[in-house]
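Read the structure below first, then the notes.
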Amino acid sequence: MLMALGMFAFALPTLAHDELQRRMDWRHARSPRVGARDATQFVGPGDETISISGTAFAELADIDASLDQLRDMAASGNAWPLVDGAGRVFGTFVITGLDERQKAFLPDGKPLRVDFALDLLAVDGPGPAQAPAQVTWA
């Protein structure tokens, strides 16, 4: 298994990805100043997005069932934990987009190759990436 999103495992029998792109933003409030650069103040984390892309071949994977499962997960609106094969927990993510490009068709119209890309957005919620708040009493 290369990676898992919830109970969906990215692997050769499903969809094996060959690229993962991660982007993280941090927010800074700005106040304009005369004759100087804007003053800034860190106000917290911004968006974290992950794009997973790859190519699936009909000889190795059940492409239709795998894409349908991802569509069902996205349509549920639920957040899913994302964990790589080494056990690294990325956090909890919702699916915001799924692209597919079909190529090399059989006479019945079934594609032999499908390129795919899955877009994920990190959300706060239960899971290992969300540490419990600590309260101190004075």
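Residue names in the structure tokens use chain letters A, B, ... in the order shown, residue numbers from 1 in each chain, and ligand numbers from 1 in the order shown.
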- Could you name the residues that touch Val83 in chain A at 6 Å or less, counting only C-alpha atoms, but leaving out those on the same chain fewer than 6 positions away, as an NGL selection string? :A and (3-4 or 89-90)
Which of chain A fall in strand (DSSP E or B), as number ranges by chain: A: 3-5, 8-10, 17-33, 36-57, 80-84, 89-105, 111-122
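With only C-alpha atoms as the basis for measurement, A:Ile95 is the residue among A:Ile95, A:Trp26, A:Ala117, A:Ala39 that approaches Asp72 in chain A most closely.
CA of Leu98 in chain A lies 13.2 Å from CA of Thr55 in chain A.
Among the candidate residues A:Ser76, A:Leu70, A:Asp108, A:Lys103, the one lying nearest to Met7 in chain A is A:Leu70, with distances computed using only C-alpha atoms.
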Let's see if you can do this: from backbone DSSP, list all helix (DSSP H, G or I) residues in chain A, as a ChimeraX atom specification. /A:63-76
Go ahead and save the picked residues with N, CA, C and O atoms, as a CSV table (one decimal), in the first residue's frame.
```csv
chain,number,residue,atom,x,y,z
A,63,ILE,N,-10.3,-0.1,-12.2
A,63,ILE,CA,-10.3,1.3,-12.3
A,63,ILE,C,-11.7,1.9,-12.0
A,63,ILE,O,-11.8,2.8,-11.2
A,64,ASP,N,-12.7,1.3,-12.6
A,64,ASP,CA,-14.1,1.8,-12.4
A,64,ASP,C,-14.5,1.8,-11.0
A,64,ASP,O,-15.0,2.8,-10.4
A,65,ALA,N,-14.3,0.6,-10.3
A,65,ALA,CA,-14.7,0.5,-8.9
A,65,ALA,C,-13.9,1.5,-8.0
A,65,ALA,O,-14.5,2.0,-7.1
A,66,SER,N,-12.7,1.6,-8.3
A,66,SER,CA,-11.8,2.5,-7.5
A,66,SER,C,-12.3,4.0,-7.6
A,66,SER,O,-12.4,4.7,-6.6
A,67,LEU,N,-12.5,4.4,-8.8
A,67,LEU,CA,-13.0,5.8,-9.0
A,67,LEU,C,-14.4,6.0,-8.5
A,67,LEU,O,-14.6,7.1,-7.9
A,68,ASP,N,-15.2,5.0,-8.6
A,68,ASP,CA,-16.6,5.1,-8.0
A,68,ASP,C,-16.5,5.2,-6.5
A,68,ASP,O,-17.3,6.0,-5.9
A,69,GLN,N,-15.6,4.5,-5.9
A,69,GLN,CA,-15.5,4.5,-4.4
A,69,GLN,C,-15.0,5.9,-4.0
A,69,GLN,O,-15.5,6.5,-3.0
A,70,LEU,N,-14.0,6.5,-4.7
A,70,LEU,CA,-13.6,7.9,-4.4
A,70,LEU,C,-14.7,8.9,-4.6
A,70,LEU,O,-14.8,9.8,-3.8
A,71,ARG,N,-15.5,8.7,-5.7
A,71,ARG,CA,-16.6,9.6,-5.9
A,71,ARG,C,-17.6,9.6,-4.8
A,71,ARG,O,-18.2,10.6,-4.3
A,72,ASP,N,-17.9,8.3,-4.3
A,72,ASP,CA,-18.8,8.2,-3.2
A,72,ASP,C,-18.3,8.8,-1.9
A,72,ASP,O,-19.0,9.4,-1.1
A,73,MET,N,-17.0,8.6,-1.7
A,73,MET,CA,-16.4,9.3,-0.5
A,73,MET,C,-16.5,10.8,-0.6
A,73,MET,O,-16.8,11.5,0.4
A,74,ALA,N,-16.3,11.4,-1.8
A,74,ALA,CA,-16.3,12.8,-1.9
A,74,ALA,C,-17.8,13.3,-1.8
A,74,ALA,O,-18.0,14.3,-1.1
A,75,ALA,N,-18.7,12.5,-2.3
A,75,ALA,CA,-20.1,12.9,-2.2
A,75,ALA,C,-20.7,12.9,-0.8
A,75,ALA,O,-21.7,13.6,-0.5
A,76,SER,N,-20.1,12.1,0.0
A,76,SER,CA,-20.5,12.0,1.4
A,76,SER,C,-20.2,13.3,2.2
A,76,SER,O,-20.9,13.6,3.2
```
Shell around Asp25 in chain A at 9 Å using only C-alpha atoms, local window under 2 positions removed, as an mmCIF file with N, CA and C atoms, in the first residue's frame:
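The resulting file, around-v5.cif, is shown below:
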```cif
data_model
loop_
_atom_site.group_PDB
_atom_site.id
_atom_site.type_symbol
_atom_site.label_atom_id
_atom_site.label_comp_id
_atom_site.auth_asym_id
_atom_site.auth_seq_id
_atom_site.Cartn_x
_atom_site.Cartn_y
_atom_site.Cartn_z
ATOM 1 N N ARG A 23 0.800 21.466 -0.455
ATOM 2 C CA ARG A 23 0.975 22.916 -0.310
ATOM 3 C C ARG A 23 0.379 23.343 1.025
ATOM 4 N N ARG A 27 -1.338 32.353 7.422
ATOM 5 C CA ARG A 27 -2.013 33.642 7.270
ATOM 6 C C ARG A 27 -1.325 34.722 8.102
ATOM 7 N N PRO A 45 -2.692 29.200 10.846
ATOM 8 C CA PRO A 45 -2.483 28.420 9.622
ATOM 9 C C PRO A 45 -3.540 28.733 8.575
ATOM 10 N N GLY A 46 -3.150 28.615 7.328
ATOM 11 C CA GLY A 46 -4.070 28.783 6.209
ATOM 12 C C GLY A 46 -4.450 27.422 5.657
ATOM 13 N N ASP A 47 -4.692 27.360 4.371
ATOM 14 C CA ASP A 47 -5.083 26.105 3.733
ATOM 15 C C ASP A 47 -3.900 25.162 3.592
ATOM 16 N N GLU A 48 -4.200 23.878 3.696
ATOM 17 C CA GLU A 48 -3.246 22.828 3.357
ATOM 18 C C GLU A 48 -3.934 21.949 2.330
ATOM 19 N N THR A 49 -3.305 21.815 1.163
ATOM 20 C CA THR A 49 -3.885 20.995 0.100
ATOM 21 C C THR A 49 -2.885 19.931 -0.329
#
```
For this session: For Gly54 in chain A, please output as a ChimeraX atom specification all residues within 10 Å (counting only C-alpha atoms; exclusion window: fewer than 5 positions along the same chain).
Result: /A:15-20,100,114-118
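Distances to Ala58 in chain A were evaluated for A:Trp80, A:Phe93, A:Phe105, A:Phe42 using only C-alpha atoms, and the minimum falls at A:Phe105.
Minimum distance to Gly85 in chain A across A:Leu106, A:Met1, A:Leu121, A:Ile50 (counting only C-alpha atoms) occurs at A:Met1.
The space between CA of Gly44 in chain A and CA of His28 in chain A spans 7.4 Å.
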Closest of A:Ala61, A:Ala104, A:Ala29, A:Val94 to Pro13 in chain A, counting only C-alpha atoms, is A:Ala61
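Here CA of Ser51 in chain A stands at a distance of 9.2 Å from CA of Gly97 in chain A.
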